[in-house]
Protein chains: 2
Amino acid sequence: MARLDIVVTYDVNTEDADGRRRLRRVAKICEAYGQRVQKSVFECSVTAPQLERMKGRLLKAMDKQADSLRIYRLIGGREGCVETFGRDTYEDYESPQIV
Amino acid sequence: MARLDIVVTYDVNTEDADGRRRLRRVAKICEAYGQRVQKSVFECSVTAPQLERMKGRLLKAMDKQADSLRIYRLIGGREGCVETFGRDTYEDYESPQIV
(Lines give C-alpha, C1' and ligand atoms only; values in the text may rest on other atoms or scores of the structure.)
Protein backbone atom coordinates (compact mmCIF):
# COMPACT_ATOMS: atom_id res chain seq x y z
CA MET A 1 0.00 0.00 0.00
CA ALA A 2 1.25 3.51 -0.81
CA ARG A 3 2.90 5.30 2.07
CA LEU A 4 2.43 8.95 2.94
CA ASP A 5 5.25 10.94 4.45
CA ILE A 6 4.00 13.29 7.12
CA VAL A 7 5.36 15.70 9.70
CA VAL A 8 3.65 15.89 13.07
CA THR A 9 4.30 18.95 15.24
CA TYR A 10 3.04 19.15 18.80
CA ASP A 11 2.92 22.23 21.00
CA VAL A 12 2.43 21.64 24.69
CA ASN A 13 3.47 23.43 27.85
CA THR A 14 6.32 21.24 29.11
CA GLU A 15 6.79 23.32 32.26
CA ASP A 16 3.92 21.29 33.56
CA ALA A 17 4.21 17.56 34.49
CA ASP A 18 0.95 16.74 32.69
CA GLY A 19 2.21 18.46 29.55
CA ARG A 20 5.48 16.50 29.67
CA ARG A 21 3.49 13.29 30.09
CA ARG A 22 1.31 14.12 27.06
CA LEU A 23 4.43 14.90 24.98
CA ARG A 24 5.92 11.52 25.95
CA ARG A 25 2.68 9.80 24.88
CA VAL A 26 2.56 11.68 21.57
CA ALA A 27 6.24 10.83 20.95
CA LYS A 28 5.57 7.15 21.63
CA ILE A 29 2.67 7.06 19.14
CA CYS A 30 4.66 8.89 16.44
CA GLU A 31 7.77 6.77 16.97
CA ALA A 32 5.73 3.70 16.09
CA TYR A 33 5.55 5.13 12.54
CA GLY A 34 8.69 7.20 12.20
CA GLN A 35 11.28 9.27 13.96
CA ARG A 36 11.53 12.14 16.39
CA VAL A 37 13.62 14.78 14.63
CA GLN A 38 13.14 17.64 17.09
CA LYS A 39 11.78 17.85 20.63
CA SER A 40 8.22 18.09 19.33
CA VAL A 41 8.56 17.31 15.62
CA PHE A 42 8.19 13.82 14.17
CA GLU A 43 8.64 12.58 10.60
CA CYS A 44 6.52 9.51 9.90
CA SER A 45 5.73 7.30 6.95
CA VAL A 46 2.26 5.77 7.07
CA THR A 47 -0.36 4.07 4.96
CA ALA A 48 -3.77 5.78 4.82
CA PRO A 49 -5.34 3.38 7.38
CA GLN A 50 -2.32 3.80 9.68
CA LEU A 51 -2.72 7.57 9.44
CA GLU A 52 -6.36 7.32 10.51
CA ARG A 53 -5.46 5.09 13.44
CA MET A 54 -2.55 7.31 14.42
CA LYS A 55 -4.76 10.41 14.37
CA GLY A 56 -7.28 8.71 16.61
CA ARG A 57 -4.57 7.80 19.11
CA LEU A 58 -3.05 11.30 19.00
CA LEU A 59 -6.42 12.94 19.57
CA LYS A 60 -6.93 10.77 22.63
CA ALA A 61 -3.45 11.56 24.00
CA MET A 62 -3.63 15.33 23.57
CA ASP A 63 -5.48 17.99 25.57
CA LYS A 64 -7.48 19.81 22.87
CA GLN A 65 -7.99 22.91 25.03
CA ALA A 66 -4.35 23.33 25.92
CA ASP A 67 -2.24 21.78 23.14
CA SER A 68 -1.81 22.22 19.43
CA LEU A 69 -1.21 19.38 17.00
CA ARG A 70 -0.50 19.87 13.30
CA ILE A 71 -0.01 17.23 10.64
CA TYR A 72 1.63 18.18 7.33
CA ARG A 73 1.64 15.92 4.28
CA LEU A 74 4.90 15.88 2.36
CA ILE A 75 3.58 15.30 -1.14
CA GLY A 76 6.01 13.32 -3.28
CA GLY A 77 7.88 12.07 -0.20
CA ARG A 78 10.14 13.59 2.47
CA GLU A 79 13.33 13.40 0.39
CA GLY A 80 12.24 16.18 -1.95
CA CYS A 81 10.60 18.28 0.76
CA VAL A 82 13.00 18.57 3.69
CA GLU A 83 16.12 20.64 4.19
CA THR A 84 17.96 20.46 7.49
CA PHE A 85 20.47 22.75 9.17
CA GLY A 86 22.40 22.33 12.40
CA ARG A 87 21.88 19.23 14.50
CA ASP A 88 20.19 16.41 12.58
CA THR A 89 19.34 13.09 14.19
CA TYR A 90 17.31 11.63 11.31
CA GLU A 91 18.47 8.15 10.28
CA ASP A 92 17.65 6.88 6.84
CA TYR A 93 16.83 3.23 7.46
CA GLU A 94 15.72 2.78 3.85
CA SER A 95 19.21 3.34 2.41
CA PRO A 96 21.89 0.66 2.45
CA GLN A 97 23.49 0.64 5.90
CA ILE A 98 27.25 0.40 6.33
CA VAL A 99 27.95 -1.92 9.26
CA MET B 1 6.38 35.29 -8.95
CA ALA B 2 5.25 31.87 -7.73
CA ARG B 3 5.13 31.47 -3.97
CA LEU B 4 6.25 28.42 -2.07
CA ASP B 5 4.52 27.42 1.14
CA ILE B 6 7.00 26.18 3.71
CA VAL B 7 7.06 25.08 7.32
CA VAL B 8 10.05 26.06 9.45
CA THR B 9 10.65 24.13 12.67
CA TYR B 10 13.30 25.21 15.14
CA ASP B 11 14.62 23.22 18.07
CA VAL B 12 16.56 25.14 20.68
CA ASN B 13 17.12 24.78 24.39
CA THR B 14 14.88 27.53 25.79
CA GLU B 15 15.97 26.87 29.38
CA ASP B 16 18.95 28.96 28.46
CA ALA B 17 18.73 32.78 27.91
CA ASP B 18 20.85 32.57 24.74
CA GLY B 19 18.51 29.89 23.34
CA ARG B 20 15.46 32.03 24.07
CA ARG B 21 17.14 34.97 22.34
CA ARG B 22 17.91 32.85 19.26
CA LEU B 23 14.28 31.60 19.16
CA ARG B 24 13.05 35.23 19.29
CA ARG B 25 15.36 36.10 16.38
CA VAL B 26 14.24 33.08 14.33
CA ALA B 27 10.58 33.96 15.05
CA LYS B 28 11.15 37.55 13.90
CA ILE B 29 12.71 36.41 10.62
CA CYS B 30 9.92 33.87 9.93
CA GLU B 31 7.15 36.30 10.88
CA ALA B 32 8.35 38.59 8.10
CA TYR B 33 7.13 35.90 5.67
CA GLY B 34 4.34 34.15 7.51
CA GLN B 35 2.94 33.15 10.84
CA ARG B 36 3.99 31.48 14.03
CA VAL B 37 1.60 28.55 14.51
CA GLN B 38 3.34 26.84 17.42
CA LYS B 39 6.07 27.89 19.82
CA SER B 40 8.77 26.85 17.35
CA VAL B 41 6.83 26.16 14.15
CA PHE B 42 6.23 28.77 11.46
CA GLU B 43 4.20 28.59 8.25
CA CYS B 44 5.54 30.94 5.60
CA SER B 45 4.82 31.77 2.00
CA VAL B 46 7.86 32.92 0.04
CA THR B 47 9.19 33.43 -3.45
CA ALA B 48 12.35 31.50 -4.36
CA PRO B 49 14.64 34.54 -3.84
CA GLN B 50 12.92 35.32 -0.51
CA LEU B 51 13.52 31.72 0.58
CA GLU B 52 17.22 32.05 -0.17
CA ARG B 53 17.45 35.32 1.75
CA MET B 54 15.43 33.91 4.63
CA LYS B 55 17.68 30.84 4.85
CA GLY B 56 20.76 33.05 4.96
CA ARG B 57 19.28 35.07 7.82
CA LEU B 58 18.18 31.95 9.72
CA LEU B 59 21.61 30.36 9.39
CA LYS B 60 23.16 33.51 10.84
CA ALA B 61 20.68 33.60 13.74
CA MET B 62 21.00 29.95 14.78
CA ASP B 63 23.73 28.12 16.65
CA LYS B 64 24.58 25.24 14.29
CA GLN B 65 26.23 23.19 17.04
CA ALA B 66 23.34 23.44 19.46
CA ASP B 67 20.14 24.00 17.47
CA SER B 68 18.22 22.19 14.79
CA LEU B 69 16.39 23.94 11.95
CA ARG B 70 14.24 22.11 9.41
CA ILE B 71 12.45 23.57 6.40
CA TYR B 72 9.66 21.56 4.76
CA ARG B 73 8.16 22.46 1.37
CA LEU B 74 4.41 22.03 1.17
CA ILE B 75 4.06 21.11 -2.48
CA GLY B 76 0.79 22.32 -3.97
CA GLY B 77 0.30 24.83 -1.13
CA ARG B 78 -0.49 24.67 2.59
CA GLU B 79 -4.26 24.31 2.15
CA GLY B 80 -4.01 20.75 0.84
CA CYS B 81 -1.20 19.73 3.19
CA VAL B 82 -2.11 20.80 6.71
CA GLU B 83 -4.53 19.39 9.24
CA THR B 84 -4.80 20.98 12.66
CA PHE B 85 -6.16 19.75 15.98
CA GLY B 86 -6.57 21.56 19.29
CA ARG B 87 -5.51 25.18 19.59
CA ASP B 88 -5.04 26.88 16.22
CA THR B 89 -3.89 30.46 15.90
CA TYR B 90 -3.40 30.51 12.12
CA GLU B 91 -5.19 33.40 10.42
CA ASP B 92 -6.03 33.18 6.75
CA TYR B 93 -5.35 36.71 5.53
CA GLU B 94 -5.92 35.65 1.91
CA SER B 95 -9.62 34.93 2.42
CA PRO B 96 -12.27 37.67 2.59
CA GLN B 97 -12.23 39.12 6.11
CA ILE B 98 -15.45 39.80 7.99
CA VAL B 99 -14.98 43.11 9.82
# chains A, B, ... in the order shown; residues from 1 in each chain; ligands from 1
>>> interface_residues(of="chain B", to="chain A", cutoff="6 Å", atoms="only C-alpha atoms", output="list in words")
Asp11, Gln38, Lys64, Asp67, Ser68, Leu69, Arg70, Ile71, Tyr72, Arg73, Ile75, Cys81, Val82, Glu83, Thr84, Phe85, Gly86 and Arg87 of chain B
>>> select_by_dssp(residues="chain A", states="strand (DSSP E)", output="ChimeraX atom specification")
/A:4-11,34-38,41-46,68-74,82-86
>>> atom_distance(atom1="CA of Leu4 in chain B", atom2="CA of Gly34 in chain A")
25.7 Å
>>> atom_distance(atom1="CA of Asp92 in chain A", atom2="CA of Leu51 in chain A")
20.5 Å
>>> select_by_dssp(residues="chain A", states="helix (DSSP H, G or I)", output="short mmCIF file (atom, residue, chain, number, x, y, z; two decimals) with all heavy atoms, in the first residue's frame")
data_model
loop_
_atom_site.label_atom_id
_atom_site.label_comp_id
_atom_site.auth_asym_id
_atom_site.auth_seq_id
_atom_site.Cartn_x
_atom_site.Cartn_y
_atom_site.Cartn_z
N ALA A 17 3.97 19.02 34.52
CA ALA A 17 4.21 17.56 34.49
C ALA A 17 3.21 16.86 33.56
O ALA A 17 3.58 15.93 32.83
CB ALA A 17 4.13 16.97 35.89
N ASP A 18 1.96 17.32 33.57
CA ASP A 18 0.95 16.74 32.69
C ASP A 18 1.31 16.94 31.22
O ASP A 18 1.14 16.05 30.40
CB ASP A 18 -0.41 17.43 32.93
CG ASP A 18 -1.25 16.66 33.93
OD1 ASP A 18 -0.79 15.60 34.41
OD2 ASP A 18 -2.36 17.14 34.24
N GLY A 19 1.80 18.14 30.92
CA GLY A 19 2.21 18.46 29.55
C GLY A 19 3.36 17.56 29.11
O GLY A 19 3.36 17.02 28.01
N ARG A 20 4.34 17.38 30.00
CA ARG A 20 5.48 16.50 29.67
C ARG A 20 4.99 15.07 29.44
O ARG A 20 5.47 14.39 28.53
CB ARG A 20 6.53 16.53 30.79
CG ARG A 20 7.33 17.82 30.81
CD ARG A 20 8.57 17.70 31.70
NE ARG A 20 8.22 17.46 33.09
CZ ARG A 20 7.97 18.40 33.99
NH1 ARG A 20 8.03 19.68 33.65
NH2 ARG A 20 7.69 18.09 35.24
N ARG A 21 4.02 14.65 30.25
CA ARG A 21 3.49 13.29 30.09
C ARG A 21 2.77 13.15 28.74
O ARG A 21 2.96 12.17 28.04
CB ARG A 21 2.53 12.96 31.24
CG ARG A 21 2.10 11.51 31.24
CD ARG A 21 1.51 11.06 32.58
NE ARG A 21 0.50 12.01 33.02
CZ ARG A 21 0.50 12.62 34.21
NH1 ARG A 21 1.45 12.37 35.09
NH2 ARG A 21 -0.46 13.47 34.54
N ARG A 22 2.00 14.18 28.37
CA ARG A 22 1.31 14.12 27.06
C ARG A 22 2.33 14.10 25.92
O ARG A 22 2.15 13.37 24.95
CB ARG A 22 0.34 15.30 26.91
CG ARG A 22 -0.84 15.23 27.88
CD ARG A 22 -2.01 16.09 27.45
NE ARG A 22 -1.70 17.50 27.34
CZ ARG A 22 -1.65 18.36 28.38
NH1 ARG A 22 -1.89 17.94 29.60
NH2 ARG A 22 -1.39 19.63 28.17
N LEU A 23 3.41 14.91 26.03
CA LEU A 23 4.43 14.90 24.98
C LEU A 23 5.08 13.52 24.86
O LEU A 23 5.31 13.03 23.76
CB LEU A 23 5.49 15.98 25.24
CG LEU A 23 6.65 16.03 24.23
CD1 LEU A 23 6.17 16.23 22.79
CD2 LEU A 23 7.66 17.14 24.58
N ARG A 24 5.33 12.87 26.01
CA ARG A 24 5.92 11.52 25.95
C ARG A 24 4.98 10.55 25.24
O ARG A 24 5.41 9.72 24.45
CB ARG A 24 6.20 10.99 27.37
CG ARG A 24 7.51 11.50 27.95
CD ARG A 24 7.99 10.63 29.12
NE ARG A 24 7.02 10.59 30.21
CZ ARG A 24 6.93 11.50 31.19
NH1 ARG A 24 7.73 12.54 31.21
NH2 ARG A 24 6.03 11.37 32.15
N ARG A 25 3.66 10.69 25.53
CA ARG A 25 2.68 9.80 24.88
C ARG A 25 2.63 10.04 23.37
O ARG A 25 2.61 9.11 22.59
CB ARG A 25 1.28 10.06 25.47
CG ARG A 25 0.95 9.09 26.57
CD ARG A 25 -0.54 9.20 26.92
NE ARG A 25 -0.66 9.32 28.35
CZ ARG A 25 -1.51 10.09 29.01
NH1 ARG A 25 -2.38 10.85 28.36
NH2 ARG A 25 -1.52 10.11 30.30
N VAL A 26 2.59 11.33 23.00
CA VAL A 26 2.56 11.68 21.57
C VAL A 26 3.82 11.15 20.88
O VAL A 26 3.75 10.56 19.80
CB VAL A 26 2.41 13.22 21.41
CG1 VAL A 26 2.77 13.68 20.00
CG2 VAL A 26 0.98 13.64 21.77
N ALA A 27 4.97 11.31 21.53
CA ALA A 27 6.24 10.83 20.95
C ALA A 27 6.18 9.32 20.73
O ALA A 27 6.59 8.81 19.69
CB ALA A 27 7.40 11.19 21.87
N LYS A 28 5.64 8.61 21.71
CA LYS A 28 5.57 7.15 21.63
C LYS A 28 4.70 6.71 20.44
O LYS A 28 5.06 5.80 19.70
CB LYS A 28 4.99 6.60 22.94
CG LYS A 28 5.56 5.27 23.30
CD LYS A 28 5.16 4.83 24.68
CE LYS A 28 5.27 3.32 24.74
NZ LYS A 28 4.80 2.81 26.02
N ILE A 29 3.57 7.39 20.27
CA ILE A 29 2.67 7.06 19.14
C ILE A 29 3.40 7.33 17.82
O ILE A 29 3.44 6.48 16.94
CB ILE A 29 1.36 7.89 19.24
CG1 ILE A 29 0.58 7.52 20.50
CG2 ILE A 29 0.51 7.70 17.98
CD1 ILE A 29 -0.53 8.50 20.89
N CYS A 30 4.00 8.52 17.70
CA CYS A 30 4.66 8.89 16.44
C CYS A 30 5.85 7.99 16.14
O CYS A 30 6.10 7.63 14.99
CB CYS A 30 5.12 10.34 16.49
SG CYS A 30 3.74 11.50 16.52
N GLU A 31 6.59 7.60 17.19
CA GLU A 31 7.77 6.77 16.97
C GLU A 31 7.41 5.37 16.50
O GLU A 31 8.27 4.65 15.99
CB GLU A 31 8.65 6.74 18.24
CG GLU A 31 9.41 8.07 18.38
CD GLU A 31 10.11 8.23 19.72
OE1 GLU A 31 9.81 7.48 20.66
OE2 GLU A 31 10.98 9.13 19.82
N ALA A 48 -2.57 5.00 4.48
CA ALA A 48 -3.77 5.78 4.82
C ALA A 48 -4.49 5.21 6.05
O ALA A 48 -4.87 5.97 6.95
CB ALA A 48 -4.69 5.89 3.61
N PRO A 49 -4.68 3.88 6.15
CA PRO A 49 -5.34 3.38 7.38
C PRO A 49 -4.50 3.62 8.64
O PRO A 49 -5.06 3.91 9.70
CB PRO A 49 -5.52 1.88 7.12
CG PRO A 49 -5.22 1.65 5.68
CD PRO A 49 -4.47 2.82 5.15
N GLN A 50 -3.18 3.51 8.53
CA GLN A 50 -2.32 3.80 9.68
C GLN A 50 -2.47 5.25 10.11
O GLN A 50 -2.51 5.57 11.30
CB GLN A 50 -0.84 3.53 9.35
CG GLN A 50 -0.45 2.07 9.42
CD GLN A 50 0.98 1.83 8.96
OE1 GLN A 50 1.56 2.62 8.20
NE2 GLN A 50 1.55 0.71 9.38
N LEU A 51 -2.57 6.15 9.13
CA LEU A 51 -2.72 7.57 9.44
C LEU A 51 -4.01 7.81 10.23
O LEU A 51 -4.02 8.55 11.22
CB LEU A 51 -2.70 8.41 8.15
CG LEU A 51 -2.89 9.92 8.32
CD1 LEU A 51 -1.83 10.52 9.25
CD2 LEU A 51 -2.84 10.63 6.96
N GLU A 52 -5.08 7.15 9.81
CA GLU A 52 -6.36 7.32 10.51
C GLU A 52 -6.25 6.83 11.95
O GLU A 52 -6.71 7.48 12.88
CB GLU A 52 -7.49 6.60 9.77
CG GLU A 52 -7.93 7.32 8.50
CD GLU A 52 -8.04 8.85 8.67
OE1 GLU A 52 -8.82 9.29 9.54
OE2 GLU A 52 -7.32 9.59 7.97
N ARG A 53 -5.61 5.67 12.11
CA ARG A 53 -5.46 5.09 13.44
C ARG A 53 -4.55 5.97 14.32
O ARG A 53 -4.86 6.22 15.48
CB ARG A 53 -4.87 3.68 13.29
CG ARG A 53 -4.82 2.91 14.58
CD ARG A 53 -4.52 1.43 14.38
NE ARG A 53 -3.74 0.94 15.51
CZ ARG A 53 -4.17 0.89 16.77
NH1 ARG A 53 -5.39 1.26 17.07
NH2 ARG A 53 -3.38 0.45 17.74
N MET A 54 -3.50 6.44 13.71
CA MET A 54 -2.55 7.31 14.42
C MET A 54 -3.24 8.58 14.89
O MET A 54 -3.07 9.02 16.03
CB MET A 54 -1.42 7.64 13.43
CG MET A 54 -0.27 8.41 14.03
SD MET A 54 0.93 8.75 12.69
CE MET A 54 2.00 9.85 13.57
N LYS A 55 -4.03 9.19 14.01
CA LYS A 55 -4.76 10.41 14.37
C LYS A 55 -5.69 10.17 15.55
O LYS A 55 -5.77 10.97 16.47
CB LYS A 55 -5.59 10.91 13.18
CG LYS A 55 -4.84 11.87 12.30
CD LYS A 55 -5.79 12.60 11.37
CE LYS A 55 -5.68 12.07 9.98
NZ LYS A 55 -6.59 12.69 9.02
N GLY A 56 -6.39 9.04 15.50
CA GLY A 56 -7.28 8.71 16.61
C GLY A 56 -6.52 8.62 17.93
O GLY A 56 -6.97 9.15 18.95
N ARG A 57 -5.37 7.96 17.88
CA ARG A 57 -4.57 7.80 19.11
C ARG A 57 -4.03 9.15 19.58
O ARG A 57 -4.01 9.43 20.78
CB ARG A 57 -3.40 6.82 18.86
CG ARG A 57 -3.87 5.39 18.63
CD ARG A 57 -2.70 4.47 18.34
NE ARG A 57 -1.80 4.35 19.49
CZ ARG A 57 -0.58 3.80 19.44
NH1 ARG A 57 -0.12 3.32 18.28
NH2 ARG A 57 0.16 3.72 20.51
N LEU A 58 -3.59 9.99 18.63
CA LEU A 58 -3.05 11.30 19.00
C LEU A 58 -4.14 12.17 19.62
O LEU A 58 -3.90 12.86 20.62
CB LEU A 58 -2.45 12.00 17.77
CG LEU A 58 -1.15 11.40 17.23
CD1 LEU A 58 -0.78 12.03 15.89
CD2 LEU A 58 0.00 11.60 18.23
N LEU A 59 -5.33 12.11 19.04
CA LEU A 59 -6.42 12.94 19.57
C LEU A 59 -6.80 12.53 20.98
O LEU A 59 -7.20 13.36 21.79
CB LEU A 59 -7.64 12.88 18.63
CG LEU A 59 -7.42 13.63 17.32
CD1 LEU A 59 -8.60 13.43 16.37
CD2 LEU A 59 -7.23 15.13 17.59
N LYS A 60 -6.64 11.24 21.28
CA LYS A 60 -6.93 10.77 22.63
C LYS A 60 -5.83 11.20 23.61
O LYS A 60 -6.10 11.48 24.77
CB LYS A 60 -7.01 9.24 22.64
CG LYS A 60 -8.44 8.73 22.69
CD LYS A 60 -8.48 7.27 23.10
CE LYS A 60 -9.20 6.49 22.01
NZ LYS A 60 -9.14 5.05 22.19
N ALA A 61 -4.59 11.25 23.12
CA ALA A 61 -3.45 11.56 24.00
C ALA A 61 -3.35 13.05 24.31
O ALA A 61 -2.86 13.43 25.36
CB ALA A 61 -2.15 11.09 23.34
N ARG A 78 9.33 12.67 1.66
CA ARG A 78 10.14 13.59 2.47
C ARG A 78 11.43 14.02 1.78
O ARG A 78 11.84 15.18 1.90
CB ARG A 78 10.42 13.05 3.89
CG ARG A 78 11.31 11.87 4.00
CD ARG A 78 11.65 11.54 5.44
NE ARG A 78 12.53 12.53 6.04
CZ ARG A 78 13.84 12.64 5.78
NH1 ARG A 78 14.43 11.83 4.93
NH2 ARG A 78 14.56 13.56 6.37
N GLU A 79 12.05 13.11 1.05
CA GLU A 79 13.33 13.40 0.39
C GLU A 79 13.34 14.74 -0.35
O GLU A 79 14.26 15.52 -0.22
CB GLU A 79 13.63 12.31 -0.66
CG GLU A 79 13.94 10.97 -0.08
CD GLU A 79 15.38 10.85 0.39
OE1 GLU A 79 16.26 11.07 -0.45
OE2 GLU A 79 15.60 10.56 1.59
N GLY A 80 12.30 14.96 -1.14
CA GLY A 80 12.24 16.18 -1.95
C GLY A 80 11.72 17.39 -1.19
O GLY A 80 11.69 18.48 -1.75
#
>>> closest_residue(among="B:Asp5, B:Gln35, B:Glu91, B:Glu15", to="Gly77 in chain B", atoms="only C-alpha atoms")
B:Asp5
